[in-house]
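Asks: Mind looking over this structure? Questions follow.
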Amino acid sequence: MFTPGGDLIYCIDPSKQNRWHLHLCVELQEILGLSEPPHFLIPGYTATIDKWLDHRTQQVQVSAEAYAPVLRYQILLNAIFKTDNLIWQPAPWSEEFCNPMVISTYYDQFSQLWKNHNLVVHLEQQEFNLDSTPEVLTSSLDLQLEKLKVQGYVLRLFVSGNSIGTERAMKSLHQILEQSLSHPYTLKVIDVLQHPEQAEADQITATPTLIRVWPLPVRRIVGEFNDVEKILTLLEGANSRFYSRE
């Protein structure tokens with residue numbers, strides 16, 4: 001994963017788990033002193049390489065993809081992953097995932113990400129148990145973030161099309177968030193009809209579904225958002241942990 005300024009943090013995961021980006025974001029937060037993990041960099045500022053053995057030919061196959069904003073770093077990526085002059089392919093692009101205008105709105109809060117610190121950070125697998133889900137990782141993350149304070153929420157709302165029910169759910173949720181939260185929040189609305197791959201990745205089985213991505217542990221609520229207490233329990237429940245940088 002790259003920052004807009006060109007810093008790089010990466011992990012090599014032989015077990016090919018799909019939760020690595022959470023750890024990279026947390027590590028960037030700690031290194032650069034950010035107010036919260038920069039989840040908005042995903043997936044637009046990421047690159048992924050996969051290697052596997054084709055049992056029919058006994059040859060190692062390689063698939064390498066990078067999103068448009070980081071394709072220019074192919075030489076660096078090849079040097080890190082020892083892939084010579086491999087041509088990285090453009091990852092399927094949607095400006096909804098990484099719209100430049102939307103990304104620019106984060107500048108004031110995350111200005112450190114727009115500076116180049118000449119960082120190339122390898123996050124060792126043993127630093128986190130990458131085979132675990134975020135819920136299981138909470139205790140180990142506590143040790144890593146002992147002096148960190150997260151003053152905000154990262155939320156995802158999954159909806160299905162532009163219907164009256166969708167509009168009602170969004171309006172109800174917006175009112176609750178604006179009137180009840182004591183910390184800033186980032187809410188990303190995802191239409192499962194347009195982005196089924198994102199719904200599959202987050203294991204969405206019904207809509208509307210609200211997911212609290214941060215702070216850990218990940219939590220979710222499914223159904224109409226007219227129960228204020230239920231929403232606040234999801235967002236500010238006893239398992240939410242906030243840390244302060246001394």
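Residue numbering restarts at 1 in every chain; chains get A, B, ... in the order shown in the structure tokens, and ligands count up from 1 in that same order.
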Run DSSP on the backbone and give me the residues of segment 16-214 of chain A it puts in strand (DSSP E), as a ChimeraX atom specification.
Replies: /A:47-54,59-66,89-90,120-122,153-159,185-191,209-214
Asks: Restricting the output to N, CA and C atoms, write the selected residues as a short mmCIF file (atom, residue, chain, number, x, y, z; two decimals), in the first residue's frame.
Replies:
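And here is the file that came out, again_23.cif:
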data_model
loop_
_atom_site.label_atom_id
_atom_site.label_comp_id
_atom_site.auth_asym_id
_atom_site.auth_seq_id
_atom_site.Cartn_x
_atom_site.Cartn_y
_atom_site.Cartn_z
N ALA A 47 -1.32 -2.30 -4.35
CA ALA A 47 -0.83 -3.20 -5.40
C ALA A 47 -0.74 -4.60 -4.79
N THR A 48 -1.00 -5.60 -5.58
CA THR A 48 -1.02 -6.98 -5.08
C THR A 48 -0.30 -7.90 -6.05
N ILE A 49 0.55 -8.75 -5.51
CA ILE A 49 1.22 -9.76 -6.34
C ILE A 49 0.96 -11.14 -5.74
N ASP A 50 0.65 -12.09 -6.58
CA ASP A 50 0.35 -13.44 -6.14
C ASP A 50 1.19 -14.43 -6.95
N LYS A 51 1.77 -15.39 -6.25
CA LYS A 51 2.56 -16.44 -6.91
C LYS A 51 2.02 -17.80 -6.49
N TRP A 52 1.92 -18.70 -7.46
CA TRP A 52 1.46 -20.04 -7.15
C TRP A 52 2.06 -21.04 -8.13
N LEU A 53 2.07 -22.29 -7.74
CA LEU A 53 2.64 -23.36 -8.56
C LEU A 53 1.54 -24.02 -9.38
N ASP A 54 1.71 -24.00 -10.69
CA ASP A 54 0.79 -24.69 -11.59
C ASP A 54 1.18 -26.17 -11.60
N GLN A 59 5.30 -25.04 -13.16
CA GLN A 59 5.90 -23.73 -13.30
C GLN A 59 5.24 -22.75 -12.32
N VAL A 60 6.04 -21.83 -11.81
CA VAL A 60 5.52 -20.80 -10.92
C VAL A 60 4.81 -19.73 -11.74
N GLN A 61 3.56 -19.48 -11.43
CA GLN A 61 2.78 -18.47 -12.11
C GLN A 61 2.73 -17.20 -11.25
N VAL A 62 2.69 -16.06 -11.90
CA VAL A 62 2.69 -14.79 -11.19
C VAL A 62 1.58 -13.90 -11.73
N SER A 63 0.82 -13.31 -10.81
CA SER A 63 -0.18 -12.31 -11.16
C SER A 63 0.11 -11.05 -10.35
N ALA A 64 0.29 -9.93 -11.03
CA ALA A 64 0.63 -8.68 -10.35
C ALA A 64 -0.29 -7.57 -10.85
N GLU A 65 -1.01 -6.95 -9.92
CA GLU A 65 -1.94 -5.88 -10.26
C GLU A 65 -1.68 -4.66 -9.38
N ALA A 66 -1.88 -3.49 -9.95
CA ALA A 66 -1.74 -2.24 -9.20
C ALA A 66 -2.81 -1.28 -9.66
N GLN A 89 -0.13 -5.26 -14.12
CA GLN A 89 -1.36 -4.97 -14.85
C GLN A 89 -2.24 -3.99 -14.06
N PRO A 90 -2.96 -3.13 -14.77
CA PRO A 90 -3.88 -2.21 -14.07
C PRO A 90 -5.00 -2.99 -13.40
N VAL A 120 10.03 2.86 3.13
CA VAL A 120 9.72 1.56 2.55
C VAL A 120 9.71 0.59 3.72
N VAL A 121 8.51 0.30 4.22
CA VAL A 121 8.37 -0.45 5.46
C VAL A 121 7.84 -1.85 5.17
N HIS A 122 8.56 -2.84 5.68
CA HIS A 122 8.13 -4.24 5.57
C HIS A 122 7.50 -4.63 6.90
N TYR A 153 -14.54 7.27 13.76
CA TYR A 153 -15.10 6.02 13.30
C TYR A 153 -14.95 5.89 11.79
N VAL A 154 -14.73 4.67 11.32
CA VAL A 154 -14.77 4.36 9.90
C VAL A 154 -15.94 3.39 9.70
N LEU A 155 -16.93 3.81 8.91
CA LEU A 155 -18.16 3.04 8.74
C LEU A 155 -18.41 2.74 7.27
N ARG A 156 -19.05 1.59 7.03
CA ARG A 156 -19.50 1.24 5.68
C ARG A 156 -20.98 0.90 5.73
N LEU A 157 -21.73 1.48 4.82
CA LEU A 157 -23.15 1.19 4.72
C LEU A 157 -23.41 0.50 3.39
N PHE A 158 -23.88 -0.72 3.43
CA PHE A 158 -24.20 -1.47 2.22
C PHE A 158 -25.70 -1.37 1.96
N VAL A 159 -26.05 -0.91 0.74
CA VAL A 159 -27.44 -0.76 0.35
C VAL A 159 -27.66 -1.50 -0.97
N TYR A 185 -16.62 10.95 12.08
CA TYR A 185 -16.79 9.66 11.43
C TYR A 185 -16.63 9.81 9.92
N THR A 186 -16.26 8.68 9.29
CA THR A 186 -16.22 8.58 7.84
C THR A 186 -17.18 7.47 7.44
N LEU A 187 -18.16 7.80 6.60
CA LEU A 187 -19.17 6.83 6.17
C LEU A 187 -19.07 6.63 4.66
N LYS A 188 -18.86 5.40 4.24
CA LYS A 188 -18.82 5.07 2.82
C LYS A 188 -20.05 4.24 2.48
N VAL A 189 -20.82 4.70 1.50
CA VAL A 189 -22.03 3.99 1.07
C VAL A 189 -21.69 3.15 -0.15
N ILE A 190 -22.01 1.86 -0.09
CA ILE A 190 -21.67 0.92 -1.17
C ILE A 190 -22.94 0.24 -1.65
N ASP A 191 -23.22 0.35 -2.94
CA ASP A 191 -24.37 -0.32 -3.56
C ASP A 191 -23.95 -1.72 -3.97
N THR A 209 -26.96 -2.99 5.54
CA THR A 209 -26.04 -3.45 6.58
C THR A 209 -25.03 -2.35 6.88
N LEU A 210 -24.88 -2.04 8.15
CA LEU A 210 -23.89 -1.05 8.59
C LEU A 210 -22.74 -1.78 9.28
N ILE A 211 -21.51 -1.50 8.83
CA ILE A 211 -20.33 -2.12 9.43
C ILE A 211 -19.46 -1.05 10.06
N ARG A 212 -19.08 -1.27 11.30
CA ARG A 212 -18.09 -0.42 11.94
C ARG A 212 -16.73 -1.06 11.68
N VAL A 213 -15.96 -0.47 10.77
CA VAL A 213 -14.64 -0.99 10.42
C VAL A 213 -13.62 -0.62 11.48
N TRP A 214 -13.76 0.59 12.00
CA TRP A 214 -12.83 1.06 13.03
C TRP A 214 -13.60 1.92 14.02
#
Asks: With distances taken over only C-alpha atoms, which of A:Ser160, A:His21, A:Ala91, A:Gly165 is nearest to Ala206 of chain A?
Replies: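 Once distances to Ala206 of chain A are computed over only C-alpha atoms, the minimum belongs to A:Ser160.
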Asks: Please give the complete set of residues from segment 163-197 of chain A that DSSP, run on the backbone, assigns to alpha helix (DSSP H), formatted as a PyMOL selection string.
Replies: chain A and resi 164-180+196-197
Asks: Given the choices A:Ile31, A:Ile176, A:Leu8, A:Leu41, which gets closest to Lys230 of chain A if the distance is worked out from only C-alpha atoms?
Replies: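 Result for the nearest residue to Lys230 of chain A: A:Ile176.
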Asks: Which neighbours of Asn85 of chain A fall inside 9 Å, counting only C-alpha atoms, when residues of the same chain fewer than 5 positions from it are skipped, and could you give them as number ranges by chain?
Replies: A: 74-75, 78-79
Asks: Restricting the calculation to only C-alpha atoms: of A:Ile164, A:Ile9, A:Val218, A:Met170, which residue gets closest to Leu76 of chain A?
Replies: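 Ranked by minimum distance to Leu76 of chain A, first place goes to A:Ile9.
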Asks: With a distance cut-off of 10 Å and only C-alpha atoms, select the neighbouring residues of Gln109 of chain A, excluding the residue or stretch itself and same-chain residues fewer than 6 positions from it, and output the selection as a list in words.
Replies: Leu34, Ser35 and Glu36 of chain A
Asks: Given only C-alpha atoms as the basis, pick out the residue of A:Val228, A:Leu234, A:Ser172, A:Tyr10 nearest to Ile80 of chain A.
Replies: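 Residue with the minimum atom-to-atom distance to Ile80 of chain A: A:Tyr10.
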Asks: Rounded to one decimal, what separation in Å do you get between atom CA of Ala199 of chain A and atom CA of Val26 of chain A?
Replies: 22.8 Å
Asks: Name all residues at most 10 Å from Phe40 of chain A (count only C-alpha atoms; drop same-chain ones fewer than 5 positions away) and give them as JSON, numbers by chain.
Replies: {"A": [25, 45, 97, 98, 102, 103, 106, 154, 186, 188]}
